[in-house]
Structures are given as structure tokens and as C-alpha cells.
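Just start_21.cif here, mmCIF, C-alpha atoms:
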```cif
data_upload
loop_
_atom_site.label_atom_id
_atom_site.label_comp_id
_atom_site.auth_asym_id
_atom_site.auth_seq_id
_atom_site.Cartn_x
_atom_site.Cartn_y
_atom_site.Cartn_z
CA MET A 9 -38.01 32.56 29.36
CA ILE A 10 -37.09 29.60 27.17
CA VAL A 11 -40.32 27.87 26.17
CA ALA A 12 -39.06 25.60 23.38
CA SER A 13 -39.54 21.91 24.14
CA THR A 14 -36.02 21.12 22.96
CA PRO A 15 -32.96 23.33 23.56
CA ARG A 16 -31.32 25.05 20.61
CA LEU A 17 -27.85 23.70 19.91
CA THR A 18 -26.44 27.13 19.03
CA ARG A 19 -27.58 28.59 22.36
CA ILE A 20 -26.10 25.70 24.31
CA VAL A 21 -22.77 25.98 22.50
CA SER A 22 -22.63 29.74 23.02
CA GLU A 23 -23.05 29.31 26.78
CA VAL A 24 -20.69 26.40 27.40
CA TRP A 25 -17.86 26.63 24.88
CA LYS A 26 -15.62 28.85 27.00
CA PRO A 27 -15.61 26.72 30.19
CA LEU A 28 -15.54 23.61 28.01
CA LEU A 29 -12.41 24.82 26.22
CA VAL A 30 -10.64 25.79 29.45
CA LEU A 31 -11.47 22.42 31.02
CA PHE A 32 -10.25 20.52 27.99
CA ILE A 33 -6.95 22.42 27.80
CA TRP A 34 -6.27 21.82 31.51
CA ASP A 35 -7.11 18.12 31.17
CA VAL A 36 -4.76 17.79 28.18
CA ILE A 37 -1.97 19.52 30.13
CA VAL A 38 -2.40 17.11 33.05
CA THR A 39 -2.52 14.07 30.75
CA VAL A 40 0.55 15.08 28.71
CA THR A 41 2.49 15.90 31.88
CA TYR A 42 1.60 12.49 33.33
CA TYR A 43 3.08 10.66 30.33
CA LEU A 44 6.09 12.94 29.75
CA LEU A 45 7.04 13.30 33.40
CA PRO A 46 5.65 10.16 35.02
CA PHE A 47 4.32 10.81 38.50
CA ARG A 48 2.11 8.96 40.88
CA ALA A 49 -1.17 10.80 41.04
CA PRO A 50 -2.38 11.31 44.58
CA SER A 51 -5.33 9.20 45.67
CA LEU A 52 -8.06 11.79 45.86
CA PRO A 53 -11.48 10.99 47.33
CA LEU A 54 -13.19 12.40 44.24
CA THR A 55 -16.42 10.53 44.93
CA LEU A 56 -16.70 12.13 48.35
CA PHE A 57 -15.75 15.56 46.95
CA GLY A 58 -18.26 15.24 44.13
CA THR A 59 -21.09 14.14 46.43
CA VAL A 60 -20.58 17.02 48.84
CA LEU A 61 -20.24 19.48 45.97
CA ALA A 62 -23.41 18.20 44.29
CA LEU A 63 -25.35 18.69 47.52
CA LEU A 64 -23.97 22.21 47.93
CA ILE A 65 -24.74 23.24 44.35
CA GLY A 66 -28.18 21.60 44.51
CA PHE A 67 -29.03 23.56 47.65
CA ARG A 68 -27.92 26.77 45.95
CA ASP A 69 -29.92 25.97 42.79
CA ASN A 70 -33.05 25.27 44.85
CA SER A 71 -32.70 28.68 46.49
CA ALA A 72 -32.26 30.33 43.09
CA TYR A 73 -35.31 28.57 41.65
CA GLN A 74 -37.41 29.60 44.64
CA ARG A 75 -36.54 33.21 43.84
CA TRP A 76 -37.43 32.73 40.17
CA TRP A 77 -40.72 31.06 41.00
CA GLU A 78 -41.61 33.71 43.58
CA GLY A 79 -41.06 36.37 40.90
CA ARG A 80 -43.44 34.51 38.59
CA VAL A 81 -46.06 34.14 41.35
CA LEU A 82 -45.86 37.86 42.16
CA TRP A 83 -46.42 38.75 38.51
CA GLY A 84 -49.36 36.37 38.43
CA SER A 85 -50.80 38.30 41.36
CA MET A 86 -50.15 41.54 39.48
CA ILE A 87 -52.11 40.27 36.46
CA ASN A 88 -55.07 39.28 38.64
CA ALA A 89 -55.05 42.56 40.60
CA SER A 90 -54.90 44.57 37.36
CA ARG A 91 -57.95 42.74 36.04
CA SER A 92 -59.74 43.36 39.33
CA LEU A 93 -58.95 47.09 39.25
CA SER A 94 -60.26 47.36 35.70
CA ARG A 95 -63.45 45.49 36.59
CA GLU A 96 -64.03 47.67 39.64
CA ALA A 97 -63.49 50.86 37.65
CA ARG A 98 -65.89 49.65 34.96
CA ASN A 99 -68.59 48.49 37.39
CA PHE A 100 -68.36 51.14 40.11
CA LEU A 101 -67.98 54.30 38.05
CA PRO A 102 -71.25 55.34 36.35
CA ILE A 103 -71.61 55.31 32.58
CA GLY A 104 -71.53 58.76 31.03
CA GLU A 105 -70.19 61.40 33.36
CA ALA A 106 -67.41 59.20 34.77
CA HIS A 107 -66.44 57.67 31.41
CA ASP A 108 -63.15 59.59 31.20
CA MET A 109 -62.23 58.71 34.79
CA ARG A 110 -62.87 55.03 34.11
CA ARG A 111 -60.60 55.09 31.07
CA THR A 112 -57.93 57.05 32.92
CA ILE A 113 -57.69 54.48 35.73
CA VAL A 114 -57.51 51.56 33.31
CA LEU A 115 -54.92 53.18 31.03
CA ARG A 116 -52.81 54.27 34.00
CA GLN A 117 -52.66 50.65 35.16
CA ILE A 118 -51.32 49.55 31.77
CA ALA A 119 -48.69 52.28 31.97
CA TYR A 120 -47.92 51.27 35.55
CA VAL A 121 -47.13 47.60 34.83
CA ASN A 122 -44.90 48.57 31.90
CA ALA A 123 -43.09 51.13 34.06
CA LEU A 124 -42.56 48.44 36.68
CA ARG A 125 -41.21 46.10 34.01
CA CYS A 126 -38.67 48.73 32.94
CA GLN A 127 -37.61 49.39 36.54
CA LEU A 128 -37.08 45.72 37.33
CA ARG A 129 -35.02 45.22 34.19
CA ARG A 130 -33.03 48.42 34.87
CA GLN A 131 -34.19 49.95 31.59
CA PRO A 132 -35.36 53.50 30.84
CA VAL A 133 -39.09 54.07 30.53
CA ASP A 134 -40.21 53.10 27.03
CA ASP A 135 -43.08 53.98 24.71
CA GLN A 136 -45.35 51.35 26.25
CA VAL A 137 -45.52 53.58 29.32
CA LEU A 138 -45.84 56.98 27.67
CA GLN A 139 -48.43 56.06 25.05
CA TYR A 140 -51.11 55.55 27.71
CA LEU A 141 -50.43 58.76 29.63
CA SER A 142 -51.02 62.37 28.72
CA ARG A 143 -48.15 64.78 29.31
CA GLY A 144 -49.83 66.18 32.42
CA GLU A 145 -50.26 62.68 33.88
CA ALA A 146 -46.77 61.50 32.97
CA GLU A 147 -44.67 64.38 34.29
CA PRO A 148 -45.44 64.00 38.04
CA ALA A 149 -44.66 60.28 37.92
CA LEU A 150 -41.54 60.66 35.79
CA ALA A 151 -40.19 63.15 38.32
CA ARG A 152 -40.28 60.46 41.02
CA THR A 153 -37.38 58.13 41.81
CA ASN A 154 -39.81 55.21 41.74
CA ILE A 155 -41.85 55.96 38.60
CA ALA A 156 -44.14 52.95 38.98
CA ASN A 157 -45.04 53.92 42.54
CA GLY A 158 -45.70 57.46 41.34
CA LEU A 159 -48.18 56.13 38.81
CA LEU A 160 -49.85 54.02 41.48
CA ASP A 161 -50.15 57.03 43.79
CA GLY A 162 -51.73 58.97 40.94
CA THR A 163 -54.29 56.20 40.44
CA GLY A 164 -55.16 56.38 44.13
CA ARG A 165 -55.74 60.12 43.80
CA ARG A 166 -58.03 59.54 40.81
CA ILE A 167 -60.08 57.11 42.86
CA ASP A 168 -60.32 59.68 45.67
CA ASP A 169 -61.39 62.32 43.11
CA ALA A 170 -64.16 59.97 41.97
CA ARG A 171 -65.37 59.60 45.55
CA ARG A 172 -65.31 63.37 46.08
CA ALA A 173 -67.31 63.83 42.88
CA GLY A 174 -69.93 61.44 44.21
CA TRP A 175 -69.36 58.81 41.52
CA ILE A 176 -68.46 56.12 44.06
CA ASP A 177 -69.16 55.75 47.75
CA THR A 178 -66.67 55.10 50.54
CA ILE A 179 -67.26 51.35 50.45
CA GLN A 180 -66.44 51.21 46.75
CA GLN A 181 -63.42 53.42 47.32
CA SER A 182 -62.20 51.05 50.06
CA ARG A 183 -62.61 48.10 47.71
CA MET A 184 -60.55 49.77 45.00
CA GLU A 185 -57.93 50.89 47.52
CA SER A 186 -57.67 47.29 48.70
CA THR A 187 -56.84 46.29 45.14
CA LEU A 188 -54.18 49.01 44.99
CA VAL A 189 -52.71 47.60 48.21
CA ASP A 190 -52.48 44.17 46.56
CA ILE A 191 -50.69 45.78 43.61
CA ALA A 192 -48.30 47.67 45.90
CA ASN A 193 -47.55 44.50 47.87
CA ALA A 194 -46.73 42.62 44.68
CA GLN A 195 -44.44 45.44 43.56
CA GLY A 196 -42.69 45.44 46.94
CA GLY A 197 -42.06 41.70 46.67
CA MET A 198 -40.57 42.13 43.20
CA GLU A 199 -38.32 44.96 44.35
CA ARG A 200 -37.17 42.82 47.28
CA LEU A 201 -36.13 40.04 44.91
CA LYS A 202 -34.40 42.49 42.58
CA ASN A 203 -32.54 44.45 45.23
CA THR A 204 -31.60 41.60 47.59
CA PRO A 205 -29.14 39.13 46.01
CA LEU A 206 -28.39 35.72 47.41
CA PRO A 207 -26.01 35.97 50.40
CA ASN A 208 -22.40 36.10 49.32
CA GLN A 209 -21.67 32.68 50.84
CA TYR A 210 -24.31 31.10 48.59
CA ARG A 211 -22.60 32.56 45.53
CA PHE A 212 -18.89 32.45 46.43
CA PHE A 213 -18.31 29.01 47.97
CA PRO A 214 -20.19 26.87 45.40
CA THR A 215 -18.33 28.68 42.61
CA LEU A 216 -14.96 28.30 44.36
CA PHE A 217 -15.40 24.63 45.23
CA THR A 218 -16.67 23.76 41.74
CA HIS A 219 -13.59 25.26 40.09
CA VAL A 220 -11.27 23.56 42.59
CA PHE A 221 -13.00 20.26 41.90
CA CYS A 222 -12.56 20.71 38.15
CA ILE A 223 -8.84 21.36 38.70
CA LEU A 224 -8.39 18.24 40.83
CA LEU A 225 -10.55 16.00 38.65
CA PRO A 226 -8.02 15.12 35.89
CA ILE A 227 -5.26 14.63 38.48
CA GLY A 228 -7.34 12.01 40.25
CA LEU A 229 -8.52 10.32 37.04
CA VAL A 230 -5.40 10.26 34.88
CA GLU A 231 -4.07 6.92 36.18
CA THR A 232 -7.42 5.28 35.56
CA LEU A 233 -8.47 6.86 32.28
CA GLY A 234 -5.07 7.43 30.68
CA PHE A 235 -5.36 9.08 27.28
CA ALA A 236 -9.15 9.28 27.74
CA THR A 237 -8.69 11.67 30.65
CA PRO A 238 -9.36 14.87 28.64
CA LEU A 239 -12.67 13.49 27.43
CA GLY A 240 -13.89 11.93 30.66
CA SER A 241 -12.71 14.72 32.95
CA THR A 242 -14.03 17.47 30.69
CA VAL A 243 -17.49 15.93 30.47
CA ALA A 244 -17.65 15.33 34.23
CA GLY A 245 -16.46 18.84 35.03
CA LEU A 246 -18.83 20.34 32.51
CA MET A 247 -21.79 18.74 34.27
CA PHE A 248 -20.86 20.42 37.54
CA LEU A 249 -20.29 23.77 35.81
CA ALA A 250 -23.63 23.45 34.02
CA VAL A 251 -25.50 22.84 37.27
CA LEU A 252 -23.64 25.78 38.82
CA GLN A 253 -24.70 27.98 35.88
CA ILE A 254 -28.36 27.06 36.41
CA GLY A 255 -28.27 28.89 39.72
CA GLU A 256 -26.63 31.90 38.09
CA ASP A 257 -29.33 31.99 35.42
CA LEU A 258 -32.27 31.80 37.83
CA VAL A 259 -31.09 33.89 40.77
CA ASP A 260 -32.36 37.15 39.23
CA PRO A 261 -35.82 36.56 37.73
CA PHE A 262 -35.88 40.07 36.21
CA ALA A 263 -32.45 40.16 34.57
CA ASN A 264 -33.75 40.62 30.99
CA THR A 265 -32.08 37.44 29.75
CA VAL A 266 -33.50 34.38 28.02
CA HIS A 267 -33.86 32.75 31.44
CA ASP A 268 -35.88 35.43 33.26
CA VAL A 269 -39.61 35.76 33.91
CA PRO A 270 -41.33 36.87 30.65
CA LEU A 271 -42.29 40.35 31.83
CA THR A 272 -42.96 41.74 28.34
CA ALA A 273 -45.43 38.96 27.55
CA MET A 274 -47.22 39.36 30.89
CA CYS A 275 -47.47 43.13 30.51
CA ARG A 276 -49.00 42.53 27.07
CA THR A 277 -51.50 40.13 28.66
CA ILE A 278 -52.54 42.86 31.10
CA GLU A 279 -52.71 45.39 28.27
CA ILE A 280 -54.98 43.15 26.19
CA ASP A 281 -57.32 42.31 29.06
CA LEU A 282 -57.66 45.89 30.27
CA LEU A 283 -58.17 47.45 26.85
CA GLN A 284 -60.81 44.90 25.96
CA SER A 285 -62.53 45.51 29.28
CA ILE A 286 -63.24 49.11 28.25
CA GLY A 287 -64.05 48.23 24.66
CA ASP A 288 -60.81 49.43 23.07
CA GLN A 289 -58.86 47.68 20.33
CA ALA A 290 -56.08 45.57 21.82
CA PRO A 291 -52.80 44.40 20.26
CA GLY A 292 -52.04 40.72 19.81
CA PRO A 293 -50.23 38.67 22.45
CA ILE A 294 -46.45 38.36 22.51
CA THR A 295 -45.32 35.13 20.87
CA PRO A 296 -42.04 33.27 21.41
CA HIS A 297 -39.12 34.28 19.21
CA LYS A 298 -36.68 31.47 18.47
CA GLY A 299 -38.02 29.53 21.42
CA VAL A 300 -37.79 32.44 23.87
CA LEU A 301 -40.72 34.34 25.38
CA TRP A 302 -39.66 37.78 26.57
#
```

Mind turning the file's structure into C-alpha cells?
Amino acid sequence: MIVASTPRLTRIVSEVWKPLLVLFIWDVIVTVTYYLLPFRAPSLPLTLFGTVLALLIGFRDNSAYQRWWEGRVLWGSMINASRSLSREARNFLPIGEAHDMRRTIVLRQIAYVNALRCQLRRQPVDDQVLQYLSRGEAEPALARTNIANGLLDGTGRRIDDARRAGWIDTIQQSRMESTLVDIANAQGGMERLKNTPLPNQYRFFPTLFTHVFCILLPIGLVETLGFATPLGSTVAGLMFLAVLQIGEDLVDPFANTVHDVPLTAMCRTIEIDLLQSIGDQAPGPITPHKGVLW
């Protein structure tokens, strides 16, 4: 997620130079053709076209932002539920005999959120997952198609083992299971966003109409702008392409790009809070790198 207050010029140029160059070349071709082979440009209702197109792209961008924001809200819920699970494990499980069980539940939750981060970004499980699990704990989960869900199931079994050992009662078990349900619901919402793209009509038609508009734009402006057509038409077309790209950038909140939800930073937040809750040394928070928080 870009957190810098001002955009970096190099990043902007890297994202827009290709469409900018194509637009400019097309506008130059139209302008040169108009003066070499004089023709009467058709009277195009560009204002009407542009207004309708702006509404269409704006509607699409709003839908994309809603998806991005929902992803951020779900991860906020995951942070809160992780803190609650750690607090319940610390307060419900007795000091002494259940010390190892308490640590196991907390460390498994840190591994779980990092496994979920890897799944959502379509990455293999990394060291942040494996360093908090013993080989015996990791293997059953790694054998599952959904590794994060396997870790969550294992945490549920640990809680049931604690109840069978008499360390917690059924009411405390129900409370902890309720927290696991909140975690599972948040994961399900994230997987829904990741696995369900915007309907094809939302993606295809705004893209098609924007490119058609950019093609027609210099033809409708050349009589008015003359030699300034390449500049005016390119800038106007670039604005529409930029707004179109906003939707592309936000539609997948877990795409592992500079525009996605900062999963790495939020997993580190959970890691810090949970380790400190059991008295362990915690790493420092993730800080932005070149204006981007990952």
C-alpha cells in the first residue's frame, strides 16, 4: 500500500509511459493526416461520450474500492480476533502445567496469519510460518490443500485437548471456539474476495469504451485544436486511462503489488502483539520502503 503523502515521479512514469506513448503517436498520426490530406472531421458528441464514460468508469472504480476496503476491514477483524485468542489462552489456561499449551496456541496463530497471507498472495509458505511450528505440528497442516485452515483446525484440537485435560471448562472452550469462528469467517471473506473477480461486464466494457473514446478523441478535436491536438488529446485520454487503471489496481486487494492491502505489515502487528502477550521478545514493526508499506 502506498503511504507516501506525495507520489513518486518514477513510479508514476513507469505506470503511464506506455499508454501515454501510444496515445501521443495516434494523436500525431491523426493531426498529420488532417493537414496532409485535408478532411472534414465528423462532429462527434465527445462531451456526451465523455460524461457517460466517466460515470461508467466511476461506478466500476467504486466497486473496486469497496472490494479493497472490505479486504482491509476483514484483516482488521483478523487482528482483533488474534489478540482475543491470545488473551483467552493466557487468561483461561492455568499457569504452570498448561504453559506449553498456552504458548502453542499463541504461536500457531502467528503461523496461521502468515500462512493465510501467503495463500492470498499466491505465494509458497515462507519462513514466517515454519519458524513458529515444530515439524510434528507443521506436517499435518502442510499436507492440506488449505494450509491456513489446517492450522486453524489444529488450534481447535489443542483447545479441545485443554478441556479434556481439565485446564479449561466447557464455557471457556465455547468462548475460545467462538473466537476461532470469527477468525474462520474473516478468512472465508478474504477467500471470497480473492477467488471471485468482478463480473466480466464490469471489466470488459469500461476498458473497451475507454479505448474507443481515446481513438475518437483526436478526430473530434483536430479541427478545434489544430497542431495542439497531440498535447490536448493525449492529456485528456490519459486522464480517462488513469481512472480506468485505478479500478485495475484496487480490484484485487491481495495481489502483492504496491496498491494492495499491507498484509506483511499487519501480520507483523499480530506477531508483535501475540509474542509480547506471552512475554517473548518481539521483532520491530514493518516500516514503509520508498513510500510503500507491504

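Residue nearest A:Ser186 within the list A:Phe32, A:Gly144, A:Leu159, A:Gly164: A:Gly164 [criterion: smallest interatomic distance, all atoms listed in the file].
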
_Length of the atom CA of A:Leu224 to atom CA of A:Asp257 vector [Å]_ = 25.6 Å

*Can you list, as a ChimeraX atom specification, the residues that the PyMOL selection byres ((chain A and resi 241) around 12) selects here?*
/A:28,30-36,38-39,54,221-230,232-240,242-248

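Across the model, the gap from atom CA of A:Tyr140 to atom CA of A:Arg166 is 15.3 Å.
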
_I want to know what sits within 7 Å of stretch 90-106 of chain A, based on all atoms listed in the file, with residues of the same chain fewer than 4 positions away left out; could you give that as a PyMOL selection string?_
chain A and resi 86+110+114+117+175-176+180+184+187+278+282
